[in-house]
Amino acid sequence: MSEKITGAQALIRALEKEKVDTIFGLPGGCILPAYDPLLSSPIRHILVRHEQGAGHMAEGYAHVTGRPGVAMVTSGPAATNMVTPLCDAYMDSIPMVCITGQVSTTAIGTDAFQECDTVGITRSVTKHNELIMSPDEIPLMVRQAFHIATTGRPGPVLLDLPKDVLQNSMTWHWPTDEEVVESLPGYKPTMKGHPRMIKEAARLILEAKQPVLYVGGGVLKARAAEALLELAEMVDAPVVTTLMARGAIPDDHPLCIGMPGMHGNATAVTAMQKSDLLVTLGARFDDRITGKVDAFAPDAKIIHVDIDPAEQGKVRRPDVPIVGDCRLVIEEIVKALKDMLQGGAVKPDISAWKSRVSGWQEQFPLHYAAAEPGDALKPQYCLEQLRDNSPEGTILCSGVGQHQMWSSQYWNFKEPYTWVNSGGLGTMGFSIPAAIGAKVGRPDRTVWAVDGDGCFQMTAQELVTASVERIPIKVAVLNNSYLGMVRQWQEMFYEERYSEVYLSPEVPDFVKWAEAMGCVGIRVESPEEVQPAIEKANSIDDRSVVVEFRVDASEKVFPMIPAGQSNDDILLHPDQCSVREYLR
Amino acid sequence: MSITPTALSNQPAHHILSVLVQNRPGVLARVAGLFARRGYNIFSLAVAPTEDPDLSRITIVVDVESAPLEQIVKQLFKLVDVVKISELDPRRSVERELMIATVRIAAEERGQVVELTNIFEGKILAVGVEAITVSLEGSPEKLDDFEELLRGYGIVELQRTGRVALPKLDKEARLRAVRGKAS
Ligand SMILES: Cc1ncc(C[n+]2csc(CCOP(=O)(O)OP(=O)(O)O)c2C)c(N)n1
């Protein structure tokens with residue numbers, strides 16, 4: 001029973017017990033002891049080229065599988081390289097467990113080589129973190145970490161392991177579920193919604209004349225897509241899916257009106273503005289959604305379902321706050337609605353509202369001016385072609401910038417967990433490592449990363465990881481030679497005074513760079529080349545492929561609500577301005 | 001039309017939060033860091049173990065309006081080490097604070113400070129040729145008054161602990177726990 005093993009062995013065994021199949025990482029001095037037992041473990045380790053990549057890979061893996069992504073790196077600079085992905089995962093509620101090495105307990109506080117205060121540095125970007133001071137604590141701490149990362153509002157948890165804690169021996173003991181829960185007296189996420197609030201929500205839904213279901217990433221985290229569909233069809237109300245929730249309901253479902261927010265479509269934005277009831281499900285009234293808060297959906301009552309009590313009333317005070325798991329709460333609301341309808345309540349006639357909404361959809365489809373012969377390639381056209389020529393079930397990842405917004409706008413999301421992006425933190429360089437993590441999690445799927453030329457240059461080296469580890473992904477670089485989104489702001493809000501946004505049309509040579517990293521590189525410059533290039537890329541599955549699309553640098557993302565302005569002042573594509581009055 | 005949090009909030013006021021935490025390394029840094037990160041000021045803070053060695057009590061006084069206070073409390077609750085938070089209503093709780101002060105005073109005038117200290121029911125801790133160190137325990141308001149009077153003589157050094165508080169022993173106050181995870 002009392003088997004003696006090292007802390008490092010205990011760590012790896014604990015990870016195996018938590019059913020970890022993959023670790024993304026890179027070793028170094030302090031974490032060295034943990035890499036030794038890894039040699040004889042069934043866990044696959046993916047050796048990255050930069051620790052930030054390991055973090056985003058873990059996130060991509062978690063996004064598509066729902067299981068926590070695991071990253072393991074050494075102390076000091078490796079730990080600080082993890083700060084960005086930790087913060088990214090924290091902002092987007094991604095379950096993740098990060099293991100960092102630390103200098104020996106005897107050296108802590110002495111400014112030893114590669115010592116940094118990892119727990120202090122990462123405190124505000126993790127859901128929880130711990131410095132483990134004794135090998136005997138390892139199993140319980142690992143169990144706690146996975147429990148905290150995956151329950152309640154998911155998030156990243158970091159465990160900091162001093163070298164001697166990994167080296168010293170301990171007596172193996174695997175804590176039970178009860179022991180884990182008992183060891184965390186201050187951690188008890190609320191799962192079930194309050195019955196009175198659920199009834200109240202159902203009552204409001206049955207009174208609403210202009211309801212909108214405002215669906216955020218929490219619905220996906222709670223695996224509530226099915227429940228959502230039932231609620232939506234029962235209420236028969238339009239559904240908006242935020243940037244974090246794309247795919248929660250299929251884009252081609254008649255009730256889905258797409259993405260709201262700063263670059264949302266005019267219908268989704270306006271439907272929320274004019275609504276008399278926002279049924280808010282796992283969304284958090286982010287400033288990118290609300291625009292100027294005081295002017296946001298002024299006539300709407302708010303039902304707010306969120307597992308995190310701190311989201312209730314943080315931005316907008318709800319009329320009916322419901323703390324709980326989205327799936328359970330939605331199911332309860334459906335049940336309450338059924339009971340009320342059976343008890344003789346009548347669903348209000350919302351056909352006038354729905355025809356108003358579909359009128360907007362007709363007048364204000366997403367729009368860009370198609371290229372005339374000889375014009376530069378339109379990025380939106382490339383994305384339409386990518387959408388129409390990629391296999392069913394393709395997972396789409398994106399970086400941050402214009403290409404991200406166009407990806408979300410122009411893709412046709414058919415199922416949950418096929419969209420991986422950095423929403424809350426907006427981390428440039430997210431897409432390539434996240435796509436690699438997604439491909440590891442779902443090797444059966446085609447994974448496309450849509451990237452900007454700016455983003456690509458931040459994390460492209462992970463394509464070497466993809467090549468060496470045989471993780472074939474596909475990358476579409478929309479190369480506009482600019483930090484395009486910043487360029488757009490300077491054009492629109494700084495009188496076209498372009499400051500430090502021009503990259504270079506000549507260097508790097510993306511095709512050569514791709515080839516140097518073991519990938520196939522393809523350059524596309526004209527519309528005729530687009531579809532053949534995508535088809536070629538889709539046909540290659542033994543290597544990663546980078547397709548560089550040389551696109552029109554002057555294209556802007558529309559619609560747009562300038563930061564801090566009211567959603568009523570949405571800027572439409574210039575071609576649509578003449579019919580603006582219909583937006584009422 | 002719904003009301004935004006700002007419309008609901010009233011005047012900034014002292015709020016006493018009594019936060020029961022797991023007695024673990026770094027827990028104070030977590031709590032203090034959260035206030036800094038979310039842009040709230042701590043007015044005073046006192047930490048000590050409770051009757052249960054696994055738990056510590058942090059008594060925090062914040063000056064905020066009630067809407068941000070609600071956010072602070074909810075955000076504090078998200079800390080895994082926080083077990084329970086009570087907001088103590090100043091009218092329904094007992095508050096105490098301790099102060100130690102050294103006052104520069106010529107020997108012939110020392111009697112005035114001694115008298116003052118006796119009136120306030122404080123203690124004389126040390127007496128030097130030209131200085132005297134006194135202590136006073138009591139309600140924060142009483143300490144404020146004492147401090148002001150001492151200032152007239154010339155304070156060399158002064159230290160206050162920050163307040164600690166518990167609910168008064170009436171039922172209502174005890175039930176005023178904002179939310180008890182332990183329950
Ligand atoms: C790490 C990081 N640095 C800076 C920014 C600010 N930023 C947002 S979008 C953007 C431009 C992105 O350029 P690119 O990758 O070429 O994409 P494009 O907008 O041209 O599609 C910048 C610099 C950011 N989001 N992340």
# chains A, B, ... in the order shown; residues from 1 in each chain; ligands from 1
call {"tool": "residues_near_ligand", "arguments": {"ligand": "ligand 1", "cutoff": "7 Å", "atoms": "only C-alpha atoms and all ligand atoms", "output": "compact mmCIF listing (two decimals) with C-alpha atoms, in the first residue's frame"}}
result
# COMPACT_ATOMS: atom_id res chain seq x y z
CA GLY A 399 -5.83 34.86 -35.21
CA VAL A 400 -6.82 38.36 -34.17
CA GLY A 401 -7.61 41.21 -36.50
CA GLN A 402 -9.67 41.80 -39.62
CA HIS A 403 -9.23 38.21 -40.79
CA GLN A 404 -10.77 37.03 -37.51
CA GLY A 426 -7.57 39.14 -28.52
CA THR A 427 -4.19 37.45 -28.70
CA MET A 428 -2.39 37.86 -32.02
CA GLY A 429 -0.56 34.65 -32.85
CA ASP A 451 -4.24 34.07 -40.03
CA GLY A 452 -3.13 37.61 -40.78
CA ASP A 453 0.38 38.26 -41.97
CA GLY A 454 1.02 40.09 -38.70
CA CYS A 455 -0.28 37.27 -36.52
CA PHE A 456 1.52 34.62 -38.56
CA LEU A 478 -4.62 36.70 -45.61
CA ASN A 479 -1.61 38.80 -46.44
CA ASN A 480 -2.50 42.47 -46.73
CA SER A 481 1.01 43.63 -45.75
CA TYR A 482 -0.54 45.55 -42.89
CA LEU A 483 -1.55 45.24 -39.30
CA GLY A 484 -4.90 45.48 -40.99
CA MET A 485 -7.26 46.06 -38.10
CA VAL A 486 -5.09 48.81 -36.68
call {"tool": "residues_around", "arguments": {"residues": "segment 126-141 of chain B", "least_positions_apart": "3", "cutoff": "9 Å", "atoms": "only C-alpha atoms", "output": "PyMOL selection string"}}
result
chain B and resi 94-107+110+113-114+117+120-123+144-146+156+162-163
call {"tool": "write_last_selection", "arguments": {"atoms": "N, CA, C and O atoms", "output": "mmCIF file, in the first residue's frame"}}
result
data_model
loop_
_atom_site.group_PDB
_atom_site.id
_atom_site.type_symbol
_atom_site.label_atom_id
_atom_site.label_comp_id
_atom_site.auth_asym_id
_atom_site.auth_seq_id
_atom_site.Cartn_x
_atom_site.Cartn_y
_atom_site.Cartn_z
ATOM 1 N N VAL B 94 -19.695 45.012 16.647
ATOM 2 C CA VAL B 94 -18.725 45.641 17.544
ATOM 3 C C VAL B 94 -17.401 45.730 16.803
ATOM 4 O O VAL B 94 -16.953 44.777 16.188
ATOM 5 N N GLU B 95 -16.808 46.935 16.856
ATOM 6 C CA GLU B 95 -15.548 47.153 16.172
ATOM 7 C C GLU B 95 -14.520 47.575 17.202
ATOM 8 O O GLU B 95 -14.811 48.364 18.096
ATOM 9 N N ARG B 96 -13.328 47.071 17.054
ATOM 10 C CA ARG B 96 -12.250 47.479 17.944
ATOM 11 C C ARG B 96 -10.982 47.692 17.149
ATOM 12 O O ARG B 96 -10.747 47.076 16.118
ATOM 13 N N GLU B 97 -10.152 48.593 17.705
ATOM 14 C CA GLU B 97 -8.880 48.865 17.079
ATOM 15 C C GLU B 97 -7.883 49.197 18.184
ATOM 16 O O GLU B 97 -8.281 49.624 19.274
ATOM 17 N N LEU B 98 -6.615 48.988 17.908
ATOM 18 C CA LEU B 98 -5.580 49.281 18.894
ATOM 19 C C LEU B 98 -4.626 50.311 18.302
ATOM 20 O O LEU B 98 -4.307 50.242 17.112
ATOM 21 N N MET B 99 -4.202 51.236 19.154
ATOM 22 C CA MET B 99 -3.269 52.256 18.701
ATOM 23 C C MET B 99 -2.132 52.382 19.703
ATOM 24 O O MET B 99 -2.352 52.304 20.917
ATOM 25 N N ILE B 100 -0.920 52.573 19.202
ATOM 26 C CA ILE B 100 0.234 52.874 20.068
ATOM 27 C C ILE B 100 0.827 54.173 19.555
ATOM 28 O O ILE B 100 0.995 54.327 18.332
ATOM 29 N N ALA B 101 1.125 55.095 20.461
ATOM 30 C CA ALA B 101 1.680 56.376 20.018
ATOM 31 C C ALA B 101 2.788 56.829 20.958
ATOM 32 O O ALA B 101 2.694 56.660 22.169
ATOM 33 N N THR B 102 3.841 57.387 20.354
ATOM 34 C CA THR B 102 4.896 58.017 21.154
ATOM 35 C C THR B 102 4.775 59.533 20.962
ATOM 36 O O THR B 102 4.719 60.017 19.835
ATOM 37 N N VAL B 103 4.691 60.233 22.084
ATOM 38 C CA VAL B 103 4.489 61.683 22.041
ATOM 39 C C VAL B 103 5.711 62.356 22.651
ATOM 40 O O VAL B 103 6.191 61.938 23.713
ATOM 41 N N ARG B 104 6.225 63.373 21.956
ATOM 42 C CA ARG B 104 7.341 64.116 22.537
ATOM 43 C C ARG B 104 6.780 65.101 23.556
ATOM 44 O O ARG B 104 5.854 65.861 23.257
ATOM 45 N N ILE B 105 7.328 65.050 24.753
ATOM 46 C CA ILE B 105 6.767 65.905 25.803
ATOM 47 C C ILE B 105 7.814 66.158 26.879
ATOM 48 O O ILE B 105 8.518 65.236 27.298
ATOM 49 N N ALA B 106 7.930 67.401 27.251
ATOM 50 C CA ALA B 106 8.886 67.746 28.336
ATOM 51 C C ALA B 106 8.373 67.147 29.633
ATOM 52 O O ALA B 106 7.160 67.011 29.841
ATOM 53 N N ALA B 107 9.302 66.779 30.513
ATOM 54 C CA ALA B 107 8.949 66.086 31.750
ATOM 55 C C ALA B 107 7.880 66.831 32.534
ATOM 56 O O ALA B 107 6.934 66.232 33.054
ATOM 57 N N ARG B 110 4.386 66.263 31.141
ATOM 58 C CA ARG B 110 4.025 64.859 30.919
ATOM 59 C C ARG B 110 2.687 64.513 31.566
ATOM 60 O O ARG B 110 1.875 63.776 31.021
ATOM 61 N N VAL B 113 -0.463 64.484 29.402
ATOM 62 C CA VAL B 113 -0.694 63.334 28.524
ATOM 63 C C VAL B 113 -1.144 62.127 29.348
ATOM 64 O O VAL B 113 -2.034 61.379 28.939
ATOM 65 N N VAL B 114 -0.546 62.001 30.524
ATOM 66 C CA VAL B 114 -0.938 60.885 31.401
ATOM 67 C C VAL B 114 -2.421 61.020 31.767
ATOM 68 O O VAL B 114 -3.193 60.059 31.704
ATOM 69 N N THR B 117 -4.592 60.175 28.823
ATOM 70 C CA THR B 117 -4.597 58.723 28.603
ATOM 71 C C THR B 117 -5.510 58.049 29.621
ATOM 72 O O THR B 117 -6.268 57.146 29.281
ATOM 73 N N PHE B 120 -9.172 58.533 28.733
ATOM 74 C CA PHE B 120 -9.573 57.628 27.647
ATOM 75 C C PHE B 120 -9.453 56.146 28.030
ATOM 76 O O PHE B 120 -9.723 55.277 27.231
ATOM 77 N N GLU B 121 -8.993 55.907 29.244
ATOM 78 C CA GLU B 121 -8.767 54.542 29.720
ATOM 79 C C GLU B 121 -7.726 53.801 28.894
ATOM 80 O O GLU B 121 -7.856 52.622 28.600
ATOM 81 N N GLY B 122 -6.687 54.584 28.502
ATOM 82 C CA GLY B 122 -5.569 53.970 27.791
ATOM 83 C C GLY B 122 -4.494 53.528 28.768
ATOM 84 O O GLY B 122 -4.694 53.552 29.982
ATOM 85 N N LYS B 123 -3.340 53.108 28.230
ATOM 86 C CA LYS B 123 -2.266 52.623 29.090
ATOM 87 C C LYS B 123 -0.974 53.375 28.792
ATOM 88 O O LYS B 123 -0.725 53.810 27.670
ATOM 89 N N ASP B 144 -9.795 57.939 17.008
ATOM 90 C CA ASP B 144 -9.658 59.177 16.219
ATOM 91 C C ASP B 144 -9.562 60.392 17.148
ATOM 92 O O ASP B 144 -8.708 61.259 16.981
ATOM 93 N N ASP B 145 -10.467 60.425 18.143
ATOM 94 C CA ASP B 145 -10.496 61.565 19.073
ATOM 95 C C ASP B 145 -9.189 61.664 19.864
ATOM 96 O O ASP B 145 -8.600 62.740 20.005
ATOM 97 N N PHE B 146 -8.754 60.530 20.353
ATOM 98 C CA PHE B 146 -7.536 60.485 21.160
ATOM 99 C C PHE B 146 -6.336 60.951 20.328
ATOM 100 O O PHE B 146 -5.517 61.765 20.776
ATOM 101 N N VAL B 156 5.552 61.608 17.721
ATOM 102 C CA VAL B 156 6.793 61.150 17.091
ATOM 103 C C VAL B 156 6.493 59.975 16.163
ATOM 104 O O VAL B 156 6.902 59.943 15.015
ATOM 105 N N GLY B 162 -5.737 48.930 12.405
ATOM 106 C CA GLY B 162 -6.858 48.653 11.501
ATOM 107 C C GLY B 162 -7.901 47.916 12.302
ATOM 108 O O GLY B 162 -7.582 47.234 13.279
ATOM 109 N N ARG B 163 -9.158 48.017 11.885
ATOM 110 C CA ARG B 163 -10.170 47.512 12.803
ATOM 111 C C ARG B 163 -10.446 46.014 12.640
ATOM 112 O O ARG B 163 -10.267 45.449 11.572
#
call {"tool": "select_by_dssp", "arguments": {"residues": "segment 149-224 of chain A", "states": "alpha helix (DSSP H)", "output": "PyMOL selection string"}}
result
chain A and resi 149-150+163-167+177-182+195-207+217-221
call {"tool": "closest_residue", "arguments": {"among": "B:Leu125, B:Val19, B:Ala13, B:Ala165", "to": "chain A", "atoms": "only C-alpha atoms"}}
result
B:Val19
call {"tool": "interface_residues", "arguments": {"of": "chain A", "to": "chain B", "cutoff": "6 Å", "atoms": "only C-alpha atoms", "output": "list of chain:residue names"}}
result
A:Gly186, A:Tyr187, A:Asp299, A:Ala310, A:Arg316, A:Arg317
call {"tool": "write_last_selection", "arguments": {"atoms": "all heavy atoms", "output": "CSV table (one decimal), in the first residue's frame"}}
result
chain,number,residue,atom,x,y,z
A,186,GLY,N,-14.1,26.3,0.2
A,186,GLY,CA,-14.5,27.6,-0.3
A,186,GLY,C,-14.9,27.5,-1.8
A,186,GLY,O,-15.1,28.5,-2.5
A,187,TYR,N,-15.0,26.3,-2.3
A,187,TYR,CA,-15.3,26.1,-3.8
A,187,TYR,C,-16.5,25.2,-4.0
A,187,TYR,O,-16.4,24.0,-3.9
A,187,TYR,CB,-14.0,25.5,-4.5
A,187,TYR,CG,-14.2,25.4,-6.0
A,187,TYR,CD1,-14.2,26.6,-6.8
A,187,TYR,CD2,-14.4,24.2,-6.6
A,187,TYR,CE1,-14.4,26.5,-8.1
A,187,TYR,CE2,-14.6,24.1,-7.9
A,187,TYR,CZ,-14.6,25.2,-8.7
A,187,TYR,OH,-14.8,25.1,-10.1
A,299,ASP,N,-34.8,49.1,-24.1
A,299,ASP,CA,-36.2,48.7,-23.6
A,299,ASP,C,-36.2,47.2,-23.2
A,299,ASP,O,-37.3,46.7,-23.0
A,299,ASP,CB,-37.2,48.9,-24.8
A,299,ASP,CG,-37.2,50.4,-25.1
A,299,ASP,OD1,-37.0,51.3,-24.2
A,299,ASP,OD2,-37.3,50.7,-26.4
A,310,ALA,N,-20.6,36.5,-10.2
A,310,ALA,CA,-20.0,37.9,-10.4
A,310,ALA,C,-20.4,38.5,-11.7
A,310,ALA,O,-20.2,39.7,-11.9
A,310,ALA,CB,-18.5,37.8,-10.2
A,316,ARG,N,-24.8,45.0,-16.6
A,316,ARG,CA,-26.2,45.4,-16.8
A,316,ARG,C,-27.0,44.6,-15.7
A,316,ARG,O,-26.8,43.4,-15.6
A,316,ARG,CB,-26.6,44.9,-18.2
A,316,ARG,CG,-28.1,45.1,-18.5
A,316,ARG,CD,-28.5,46.5,-18.7
A,316,ARG,NE,-29.9,46.6,-19.1
A,316,ARG,CZ,-30.4,46.9,-20.3
A,316,ARG,NH1,-29.5,47.1,-21.3
A,316,ARG,NH2,-31.7,46.9,-20.5
A,317,ARG,N,-27.8,45.3,-15.0
A,317,ARG,CA,-28.5,44.6,-13.9
A,317,ARG,C,-29.6,43.8,-14.5
A,317,ARG,O,-30.5,44.3,-15.2
A,317,ARG,CB,-29.1,45.7,-12.9
A,317,ARG,CG,-29.7,45.1,-11.7
A,317,ARG,CD,-29.8,46.1,-10.5
A,317,ARG,NE,-28.4,46.4,-10.0
A,317,ARG,CZ,-27.8,45.7,-9.2
A,317,ARG,NH1,-28.3,44.6,-8.7
A,317,ARG,NH2,-26.6,46.1,-8.8
call {"tool": "atom_distance", "arguments": {"atom1": "atom CA of Thr190 of chain A", "atom2": "atom CA of Ser93 of chain A"}}
result
16.3 Å
call {"tool": "residues_around", "arguments": {"residues": "Gln409 of chain A", "least_positions_apart": "4", "cutoff": "12 Å", "atoms": "only C-alpha atoms", "output": "number ranges by chain"}}
result
A: 241-243, 246-247, 251, 257-266, 268, 365-368, 379-381, 383-384, 387, 402-405, 413, 419, 557-559
call {"tool": "write_last_selection", "arguments": {"atoms": "C-alpha atoms", "output": "PDB file, in the first residue's frame"}}
result
ATOM      1  CA  THR A 241     -24.352  33.899 -31.160  1.00  0.00           C
ATOM      2  CA  THR A 242     -21.441  35.942 -29.875  1.00  0.00           C
ATOM      3  CA  LEU A 243     -17.876  35.542 -31.132  1.00  0.00           C
ATOM      4  CA  ARG A 246     -20.405  30.670 -32.997  1.00  0.00           C
ATOM      5  CA  GLY A 247     -21.757  27.254 -33.855  1.00  0.00           C
ATOM      6  CA  ASP A 251     -25.884  29.456 -38.803  1.00  0.00           C
ATOM      7  CA  ILE A 257     -29.372  35.647 -36.985  1.00  0.00           C
ATOM      8  CA  GLY A 258     -25.613  35.440 -36.489  1.00  0.00           C
ATOM      9  CA  MET A 259     -23.066  37.459 -34.584  1.00  0.00           C
ATOM     10  CA  PRO A 260     -23.805  40.711 -32.723  1.00  0.00           C
ATOM     11  CA  GLY A 261     -21.272  43.263 -31.526  1.00  0.00           C
ATOM     12  CA  MET A 262     -18.684  45.654 -32.866  1.00  0.00           C
ATOM     13  CA  HIS A 263     -18.433  43.773 -36.180  1.00  0.00           C
ATOM     14  CA  GLY A 264     -21.692  41.929 -35.903  1.00  0.00           C
ATOM     15  CA  ASN A 265     -24.229  41.965 -38.708  1.00  0.00           C
ATOM     16  CA  ALA A 266     -26.791  44.747 -38.711  1.00  0.00           C
ATOM     17  CA  ALA A 268     -28.155  40.812 -34.913  1.00  0.00           C
ATOM     18  CA  PRO A 365     -26.836  41.003 -45.649  1.00  0.00           C
ATOM     19  CA  LEU A 366     -23.100  40.957 -45.071  1.00  0.00           C
ATOM     20  CA  HIS A 367     -21.659  42.784 -47.995  1.00  0.00           C
ATOM     21  CA  TYR A 368     -18.414  43.661 -49.710  1.00  0.00           C
ATOM     22  CA  PRO A 379     -10.169  38.659 -48.439  1.00  0.00           C
ATOM     23  CA  GLN A 380     -13.890  38.025 -47.996  1.00  0.00           C
ATOM     24  CA  TYR A 381     -13.960  36.183 -51.319  1.00  0.00           C
ATOM     25  CA  LEU A 383     -13.043  33.062 -47.026  1.00  0.00           C
ATOM     26  CA  GLU A 384     -16.231  32.334 -48.980  1.00  0.00           C
ATOM     27  CA  ARG A 387     -16.041  27.887 -46.587  1.00  0.00           C
ATOM     28  CA  GLN A 402      -9.667  41.796 -39.616  1.00  0.00           C
ATOM     29  CA  HIS A 403      -9.233  38.207 -40.791  1.00  0.00           C
ATOM     30  CA  GLN A 404     -10.765  37.025 -37.505  1.00  0.00           C
ATOM     31  CA  MET A 405     -13.872  39.126 -37.943  1.00  0.00           C
ATOM     32  CA  PHE A 413     -20.936  27.277 -38.635  1.00  0.00           C
ATOM     33  CA  TRP A 419     -14.650  27.532 -34.068  1.00  0.00           C
ATOM     34  CA  VAL A 557     -14.521  45.139 -41.838  1.00  0.00           C
ATOM     35  CA  PHE A 558     -18.170  46.206 -41.945  1.00  0.00           C
ATOM     36  CA  PRO A 559     -20.470  46.720 -40.221  1.00  0.00           C
TER      37      PRO A 559
END
call {"tool": "closest_residue", "arguments": {"among": "B:Arg92, B:Ile85, B:Tyr153, B:Phe43", "to": "Arg57 of chain B", "atoms": "only C-alpha atoms"}}
result
B:Ile85
call {"tool": "residues_around", "arguments": {"residues": "segment 99-116 of chain A", "least_positions_apart": "4", "cutoff": "7 Å", "atoms": "only C-alpha atoms", "output": "compact mmCIF listing (two decimals) with N, CA and C atoms, in the first residue's frame"}}
result
# COMPACT_ATOMS: atom_id res chain seq x y z
N CYS A 30 14.57 23.25 -14.06
CA CYS A 30 13.82 22.91 -12.86
C CYS A 30 12.76 21.84 -13.08
N ILE A 31 12.26 21.72 -14.32
CA ILE A 31 11.20 20.74 -14.56
C ILE A 31 11.79 19.40 -15.02
N ALA A 71 -0.34 21.89 -20.24
CA ALA A 71 0.95 22.40 -20.70
C ALA A 71 1.96 22.24 -19.57
N MET A 72 3.20 21.92 -19.92
CA MET A 72 4.23 21.75 -18.89
C MET A 72 5.52 22.43 -19.37
N VAL A 73 6.02 23.32 -18.55
CA VAL A 73 7.21 24.08 -18.93
C VAL A 73 8.09 24.28 -17.70
N THR A 74 9.28 24.83 -17.92
CA THR A 74 10.18 24.99 -16.79
C THR A 74 9.94 26.34 -16.10
N SER A 75 10.87 26.74 -15.24
CA SER A 75 10.67 27.92 -14.41
C SER A 75 11.04 29.21 -15.16
N GLY A 76 11.06 30.30 -14.46
CA GLY A 76 11.58 31.58 -14.95
C GLY A 76 11.02 32.01 -16.30
N PRO A 77 11.87 32.07 -17.34
CA PRO A 77 11.43 32.61 -18.62
C PRO A 77 10.35 31.75 -19.26
N ALA A 79 8.04 30.11 -17.61
CA ALA A 79 6.80 30.44 -16.90
C ALA A 79 6.27 31.79 -17.38
N MET A 133 4.75 22.62 -1.95
CA MET A 133 5.96 22.65 -1.12
C MET A 133 6.39 21.26 -0.64
N LEU A 158 -2.76 26.76 -12.42
CA LEU A 158 -1.32 26.54 -12.53
C LEU A 158 -0.78 25.88 -11.26
N LEU A 159 0.07 24.88 -11.46
CA LEU A 159 0.77 24.25 -10.33
C LEU A 159 2.26 24.49 -10.51
N ASP A 160 2.87 25.08 -9.50
CA ASP A 160 4.29 25.41 -9.54
C ASP A 160 5.05 24.38 -8.70
N LEU A 161 5.98 23.66 -9.34
CA LEU A 161 6.63 22.54 -8.66
C LEU A 161 8.14 22.74 -8.53
N PRO A 162 8.60 23.04 -7.31
CA PRO A 162 10.04 23.17 -7.09
C PRO A 162 10.77 21.86 -7.41
N LYS A 163 12.00 22.01 -7.85
CA LYS A 163 12.76 20.85 -8.32
C LYS A 163 12.91 19.78 -7.24
N ASP A 164 13.19 20.19 -6.00
CA ASP A 164 13.37 19.17 -4.96
C ASP A 164 12.07 18.47 -4.60
call {"tool": "residues_around", "arguments": {"residues": "segment 45-52 of chain B", "least_positions_apart": "6", "cutoff": "8 Å", "atoms": "only C-alpha atoms", "output": "PyMOL selection string"}}
result
chain B and resi 23+58-61+161-164
call {"tool": "write_last_selection", "arguments": {"atoms": "N, CA and C atoms", "output": "tab-separated table (two decimals), in the first residue's frame"}}
result
chain	number	residue	atom	x	y	z
B	23	ASN	N	-6.50	29.09	5.88
B	23	ASN	CA	-5.23	29.59	6.38
B	23	ASN	C	-4.09	28.99	5.55
B	58	ILE	N	-10.05	37.80	7.75
B	58	ILE	CA	-9.53	39.07	7.27
B	58	ILE	C	-10.65	40.09	7.41
B	59	THR	N	-10.39	41.13	8.17
B	59	THR	CA	-11.39	42.19	8.31
B	59	THR	C	-10.96	43.35	7.43
B	60	ILE	N	-11.78	43.64	6.44
B	60	ILE	CA	-11.41	44.66	5.47
B	60	ILE	C	-12.42	45.80	5.53
B	61	VAL	N	-11.91	47.01	5.62
B	61	VAL	CA	-12.81	48.15	5.52
B	61	VAL	C	-12.58	48.79	4.16
B	161	THR	N	-3.82	49.51	14.30
B	161	THR	CA	-3.86	48.14	13.77
B	161	THR	C	-4.83	47.98	12.59
B	162	GLY	N	-5.74	48.93	12.40
B	162	GLY	CA	-6.86	48.65	11.50
B	162	GLY	C	-7.90	47.92	12.30
B	163	ARG	N	-9.16	48.02	11.89
B	163	ARG	CA	-10.17	47.51	12.80
B	163	ARG	C	-10.45	46.01	12.64
B	164	VAL	N	-10.85	45.41	13.73
B	164	VAL	CA	-11.41	44.06	13.68
B	164	VAL	C	-12.85	44.20	14.16
call {"tool": "select_by_dssp", "arguments": {"residues": "segment 20-127 of chain B", "states": "strand (DSSP E)", "output": "PyMOL selection string"}}
result
chain B and resi 20-22+42-49+55-64+82-88+93-104+123-127
call {"tool": "closest_residue", "arguments": {"among": "A:Gly374, A:Met96, A:Gln457, A:Arg203", "to": "Val507 of chain A", "atoms": "only C-alpha atoms"}}
result
A:Gln457
call {"tool": "residues_around", "arguments": {"residues": "Glu528 of chain A", "least_positions_apart": "2", "cutoff": "12 Å", "atoms": "only C-alpha atoms", "output": "ChimeraX atom specification"}}
result
/A:371,373-374,376-377,381-382,385,524-526,530-534,549
call {"tool": "closest_residue", "arguments": {"among": "A:Ala10, A:Asp252, A:Ala34, A:Pro195", "to": "Pro139 of chain A", "atoms": "only C-alpha atoms"}}
result
A:Ala10
call {"tool": "atom_distance", "arguments": {"atom1": "atom CA of Asn129 of chain A", "atom2": "atom CA of Leu38 of chain A"}}
result
22.8 Å
call {"tool": "atom_distance", "arguments": {"atom1": "atom CA of Phe146 of chain A", "atom2": "atom CA of His50 of chain A"}}
result
24.1 Å
call {"tool": "residues_around", "arguments": {"residues": "Arg487 of chain A", "least_positions_apart": "2", "cutoff": "10 Å", "atoms": "only C-alpha atoms", "output": "list in words"}}
result
Gln402, Tyr482, Leu483, Gly484, Met485, Trp489, Gln490, Glu491, Met492, Phe493, Tyr494, Glu496, Arg497, Tyr498, Ser499, Glu500, Val501, Tyr502, Ala553, Ser554 and Lys556 of chain A
